[in-house]
Amino acid sequence: MKTLYRSLAAAGLTVALGLAASTCALAQEVQERVIRFGHLNNADHPVSFGVKRFAELLAAKSGGKMKVQEFPASQLGNEMQQQSALQGGVQQMSAPATTSLAGIVKEFGLVDFPFAVANFAQADALLDGPLGQALIARLPEKGLVALGYWDLGFRNVTNSKRPITRPEDLEGLKIRVIPNPVFLETFKAFKANPVPMPFAELYGALEAKAVDGQENPYAVILSNKFYEVQKFVSATNHVYAANIVLVSKKFWDSLSPAEQKMMREAADEARGYQRQVSRAAAQRAVGDLQAKGAQFNELSAAEQARMRQIAKPVTERFAASYDPAIVKLYTDELARIRK
């Protein structure tokens, strides 16, 4: 019997030592880190809620060692400044609109093609599938690593002059757009006067009437109080917009495999939550905007179809300048998700 006890005790000691060793190894693989996570949106925006959820999940997974410090509302600079900071390793994370990446990987312009997807299910299938992954695969050589896509929502036009009920209503309006070639050319096709401008400067430009209008998802319009300086909100739904969760490659390469795994898992788990919150906020935002005095109107299916036709030559021209393999993948994926 004594021999049996001794054997069991020895076995127990071996297991305990094994567990201690693995815990010790994990502790060595996970270091105390502070991750500066910057973005353009206010702290009441769904992107901010996504950052907070990611921070909670990462803290839980790392035993509190990996801490996320959020910098909302362009505190760390505009889109391009934060992108440069990530590439230089000065800033660890950001969550810009995918649009801002077209300057370094032009094929990201495909995500901004107008009227490509009709609903959220199609948008998620396109971005979470082979196309989204193919685009993400092009970022490491540019000094960035992406952990997936968050929801920003369908973009809609606001302005201070008139409701947009048909493409002709955009003619002559000075519309602020993201500094992105697809957006510029799309609004030129509608005979508007697109003005590229950093987001942080937009409210002041609208207030001073330097521009007549802008286009953004409803939650962005509400969170930034554009209703104070814009009378008309029109449901153009011309582009589905996504945010992309970016990490500095310099920072990513300094992480252990265990830390990278925790970051990926936290981002994956935060994604579903962020999309849910964002889409619920968009639904509420229309009513809230109307309550604040904005005049809201929808476009008929026929007028949206006309807008799609006007924009088609623009997308065809851009597609011709992109990597043919990526364009084929995009076209094949659209056919698949529209079935």
# chains A, B, ... in the order shown; residues from 1 in each chain; ligands from 1
call {"tool": "select_by_dssp", "arguments": {"residues": "range 192-251 of chain A", "states": "strand (DSSP E)", "output": "VMD selection string"}}
result
chain A and resid 193 to 196 213 to 216 232 to 248
call {"tool": "residues_around", "arguments": {"residues": "Ala97 in chain A", "least_positions_apart": "6", "cutoff": "12 Å", "atoms": "only C-alpha atoms", "output": "VMD selection string"}}
result
chain A and resid 39 to 41 47 78 to 80 83 108 to 109 111 to 112 148 to 153 155 178 to 180 199 216 to 217 220 240 to 246
call {"tool": "write_last_selection", "arguments": {"atoms": "N, CA and C atoms", "output": "mmCIF file, in the first residue's frame"}}
result
data_model
loop_
_atom_site.group_PDB
_atom_site.id
_atom_site.type_symbol
_atom_site.label_atom_id
_atom_site.label_comp_id
_atom_site.auth_asym_id
_atom_site.auth_seq_id
_atom_site.Cartn_x
_atom_site.Cartn_y
_atom_site.Cartn_z
ATOM 1 N N HIS A 39 -8.142 55.700 -32.907
ATOM 2 C CA HIS A 39 -9.120 55.695 -34.007
ATOM 3 C C HIS A 39 -9.741 57.085 -34.130
ATOM 4 N N LEU A 40 -10.528 57.288 -35.176
ATOM 5 C CA LEU A 40 -11.060 58.619 -35.486
ATOM 6 C C LEU A 40 -12.384 58.918 -34.793
ATOM 7 N N ASN A 41 -13.070 57.886 -34.314
ATOM 8 C CA ASN A 41 -14.444 58.060 -33.846
ATOM 9 C C ASN A 41 -14.530 58.467 -32.380
ATOM 10 N N VAL A 47 -17.305 51.826 -33.059
ATOM 11 C CA VAL A 47 -15.884 51.457 -33.174
ATOM 12 C C VAL A 47 -15.236 51.489 -31.789
ATOM 13 N N ASN A 78 -4.899 62.160 -37.818
ATOM 14 C CA ASN A 78 -5.870 61.717 -38.827
ATOM 15 C C ASN A 78 -5.510 60.334 -39.363
ATOM 16 N N GLU A 79 -6.285 59.862 -40.351
ATOM 17 C CA GLU A 79 -6.078 58.499 -40.881
ATOM 18 C C GLU A 79 -4.629 58.255 -41.297
ATOM 19 N N MET A 80 -4.105 59.195 -42.098
ATOM 20 C CA MET A 80 -2.772 58.994 -42.670
ATOM 21 C C MET A 80 -1.679 59.090 -41.608
ATOM 22 N N GLN A 83 -1.700 55.858 -39.694
ATOM 23 C CA GLN A 83 -1.139 54.792 -40.535
ATOM 24 C C GLN A 83 0.391 54.857 -40.524
ATOM 25 N N PHE A 108 -7.580 47.678 -52.254
ATOM 26 C CA PHE A 108 -8.567 47.937 -51.206
ATOM 27 C C PHE A 108 -9.690 48.824 -51.735
ATOM 28 N N GLY A 109 -9.451 49.492 -52.851
ATOM 29 C CA GLY A 109 -10.493 50.277 -53.507
ATOM 30 C C GLY A 109 -11.698 49.445 -53.890
ATOM 31 N N VAL A 111 -13.291 47.382 -52.085
ATOM 32 C CA VAL A 111 -14.255 47.400 -50.984
ATOM 33 C C VAL A 111 -15.168 48.624 -51.089
ATOM 34 N N ASP A 112 -14.660 49.682 -51.732
ATOM 35 C CA ASP A 112 -15.416 50.935 -51.839
ATOM 36 C C ASP A 112 -16.224 51.059 -53.134
ATOM 37 N N GLY A 148 -8.783 41.551 -39.042
ATOM 38 C CA GLY A 148 -10.172 41.375 -39.457
ATOM 39 C C GLY A 148 -10.908 42.692 -39.643
ATOM 40 N N TYR A 149 -12.177 42.563 -39.986
ATOM 41 C CA TYR A 149 -12.996 43.717 -40.373
ATOM 42 C C TYR A 149 -14.135 43.951 -39.386
ATOM 43 N N TRP A 150 -14.351 45.211 -39.072
ATOM 44 C CA TRP A 150 -15.484 45.627 -38.241
ATOM 45 C C TRP A 150 -16.490 46.364 -39.108
ATOM 46 N N ASP A 151 -17.680 46.554 -38.570
ATOM 47 C CA ASP A 151 -18.749 47.239 -39.302
ATOM 48 C C ASP A 151 -18.668 48.751 -39.107
ATOM 49 N N LEU A 152 -18.778 49.478 -40.204
ATOM 50 C CA LEU A 152 -18.954 50.929 -40.148
ATOM 51 C C LEU A 152 -20.355 51.269 -40.665
ATOM 52 N N GLY A 153 -20.791 50.531 -41.681
ATOM 53 C CA GLY A 153 -22.171 50.672 -42.145
ATOM 54 C C GLY A 153 -22.289 51.218 -43.551
ATOM 55 N N ARG A 155 -23.013 53.926 -46.266
ATOM 56 C CA ARG A 155 -22.780 55.368 -46.270
ATOM 57 C C ARG A 155 -23.948 56.099 -46.926
ATOM 58 N N ILE A 178 -13.796 61.014 -48.360
ATOM 59 C CA ILE A 178 -12.516 60.481 -47.889
ATOM 60 C C ILE A 178 -11.484 60.680 -48.994
ATOM 61 N N PRO A 179 -10.252 61.054 -48.650
ATOM 62 C CA PRO A 179 -9.220 61.211 -49.687
ATOM 63 C C PRO A 179 -8.898 59.867 -50.347
ATOM 64 N N ASN A 180 -9.741 59.479 -51.277
ATOM 65 C CA ASN A 180 -9.654 58.159 -51.897
ATOM 66 C C ASN A 180 -10.150 58.264 -53.342
ATOM 67 N N PHE A 199 -11.061 63.714 -41.796
ATOM 68 C CA PHE A 199 -12.318 63.662 -41.031
ATOM 69 C C PHE A 199 -12.344 64.699 -39.904
ATOM 70 N N ASN A 216 -21.473 59.578 -44.897
ATOM 71 C CA ASN A 216 -20.994 58.713 -43.831
ATOM 72 C C ASN A 216 -22.134 57.820 -43.358
ATOM 73 N N PRO A 217 -21.835 56.760 -42.626
ATOM 74 C CA PRO A 217 -22.905 55.968 -42.025
ATOM 75 C C PRO A 217 -23.676 56.776 -40.972
ATOM 76 N N VAL A 220 -22.106 57.591 -37.520
ATOM 77 C CA VAL A 220 -21.057 58.623 -37.583
ATOM 78 C C VAL A 220 -21.706 60.009 -37.650
ATOM 79 N N TYR A 240 -21.041 50.249 -48.908
ATOM 80 C CA TYR A 240 -20.908 49.636 -47.589
ATOM 81 C C TYR A 240 -19.491 49.898 -47.100
ATOM 82 N N ALA A 241 -19.377 50.430 -45.903
ATOM 83 C CA ALA A 241 -18.054 50.766 -45.362
ATOM 84 C C ALA A 241 -17.697 49.855 -44.200
ATOM 85 N N ALA A 242 -16.442 49.448 -44.170
ATOM 86 C CA ALA A 242 -15.946 48.610 -43.080
ATOM 87 C C ALA A 242 -14.727 49.268 -42.449
ATOM 88 N N ASN A 243 -14.542 49.001 -41.165
ATOM 89 C CA ASN A 243 -13.282 49.345 -40.514
ATOM 90 C C ASN A 243 -12.394 48.109 -40.547
ATOM 91 N N ILE A 244 -11.113 48.337 -40.450
ATOM 92 C CA ILE A 244 -10.176 47.212 -40.427
ATOM 93 C C ILE A 244 -9.295 47.356 -39.189
ATOM 94 N N VAL A 245 -9.127 46.266 -38.446
ATOM 95 C CA VAL A 245 -8.346 46.300 -37.209
ATOM 96 C C VAL A 245 -6.870 46.089 -37.567
ATOM 97 N N LEU A 246 -6.096 47.148 -37.418
ATOM 98 C CA LEU A 246 -4.694 47.120 -37.834
ATOM 99 C C LEU A 246 -3.740 47.087 -36.650
#
call {"tool": "residues_around", "arguments": {"residues": "Asp124 in chain A", "least_positions_apart": "3", "cutoff": "10 Å", "atoms": "only C-alpha atoms", "output": "list in words"}}
result
Val117, Asn119, Phe120, Ala121, Leu127, Asp128, Gly129, Gly132, Tyr149, Trp150, Asp151, Ala242, Arg275 and Ile337 of chain A
call {"tool": "residues_around", "arguments": {"residues": "Ser62 in chain A", "least_positions_apart": "2", "cutoff": "9 Å", "atoms": "only C-alpha atoms", "output": "number ranges by chain"}}
result
A: 27, 30-31, 57-60, 64-67, 259, 262
call {"tool": "write_last_selection", "arguments": {"atoms": "N, CA and C atoms", "output": "mmCIF file, in the first residue's frame"}}
result
data_model
loop_
_atom_site.group_PDB
_atom_site.id
_atom_site.type_symbol
_atom_site.label_atom_id
_atom_site.label_comp_id
_atom_site.auth_asym_id
_atom_site.auth_seq_id
_atom_site.Cartn_x
_atom_site.Cartn_y
_atom_site.Cartn_z
ATOM 1 N N ALA A 27 3.939 32.393 -18.718
ATOM 2 C CA ALA A 27 4.235 33.703 -18.129
ATOM 3 C C ALA A 27 5.394 34.372 -18.867
ATOM 4 N N VAL A 30 4.127 35.708 -22.238
ATOM 5 C CA VAL A 30 3.232 36.871 -22.182
ATOM 6 C C VAL A 30 3.851 37.921 -21.277
ATOM 7 N N GLN A 31 4.206 39.050 -21.858
ATOM 8 C CA GLN A 31 4.861 40.122 -21.116
ATOM 9 C C GLN A 31 3.884 41.251 -20.803
ATOM 10 N N LEU A 57 -11.317 41.493 -23.586
ATOM 11 C CA LEU A 57 -10.994 40.109 -23.963
ATOM 12 C C LEU A 57 -9.491 39.840 -23.885
ATOM 13 N N LEU A 58 -8.698 40.795 -24.371
ATOM 14 C CA LEU A 58 -7.242 40.610 -24.367
ATOM 15 C C LEU A 58 -6.698 40.608 -22.942
ATOM 16 N N ALA A 59 -7.246 41.478 -22.094
ATOM 17 C CA ALA A 59 -6.819 41.511 -20.686
ATOM 18 C C ALA A 59 -7.133 40.176 -20.008
ATOM 19 N N ALA A 60 -8.331 39.638 -20.297
ATOM 20 C CA ALA A 60 -8.725 38.354 -19.691
ATOM 21 C C ALA A 60 -7.827 37.218 -20.167
ATOM 22 N N GLY A 64 -4.302 39.930 -17.548
ATOM 23 C CA GLY A 64 -4.135 41.356 -17.236
ATOM 24 C C GLY A 64 -2.816 41.962 -17.688
ATOM 25 N N LYS A 65 -1.996 41.165 -18.373
ATOM 26 C CA LYS A 65 -0.671 41.661 -18.761
ATOM 27 C C LYS A 65 -0.713 42.561 -20.000
ATOM 28 N N MET A 66 -1.611 42.245 -20.938
ATOM 29 C CA MET A 66 -1.677 43.033 -22.169
ATOM 30 C C MET A 66 -2.823 44.039 -22.046
ATOM 31 N N LYS A 67 -2.459 45.291 -21.838
ATOM 32 C CA LYS A 67 -3.437 46.345 -21.594
ATOM 33 C C LYS A 67 -3.596 47.217 -22.839
ATOM 34 N N GLU A 259 1.245 35.478 -27.496
ATOM 35 C CA GLU A 259 0.643 36.822 -27.483
ATOM 36 C C GLU A 259 -0.099 37.109 -28.794
ATOM 37 N N MET A 262 -3.393 35.297 -28.715
ATOM 38 C CA MET A 262 -4.359 36.006 -27.865
ATOM 39 C C MET A 262 -4.944 37.223 -28.588
#
call {"tool": "residues_around", "arguments": {"residues": "Phe115 in chain A", "least_positions_apart": "2", "cutoff": "7 Å", "atoms": "only C-alpha atoms", "output": "list in words"}}
result
Phe113, Val117, Ala118, His238, Val239 and Arg308 of chain A
call {"tool": "closest_residue", "arguments": {"among": "A:Val286, A:Leu135, A:Asn42, A:Pro114", "to": "Leu147 in chain A", "atoms": "only C-alpha atoms"}}
result
A:Leu135
call {"tool": "closest_residue", "arguments": {"among": "A:Arg53, A:Gln230, A:Ser223, A:Ser248", "to": "Ala285 in chain A", "atoms": "only C-alpha atoms"}}
result
A:Ser223
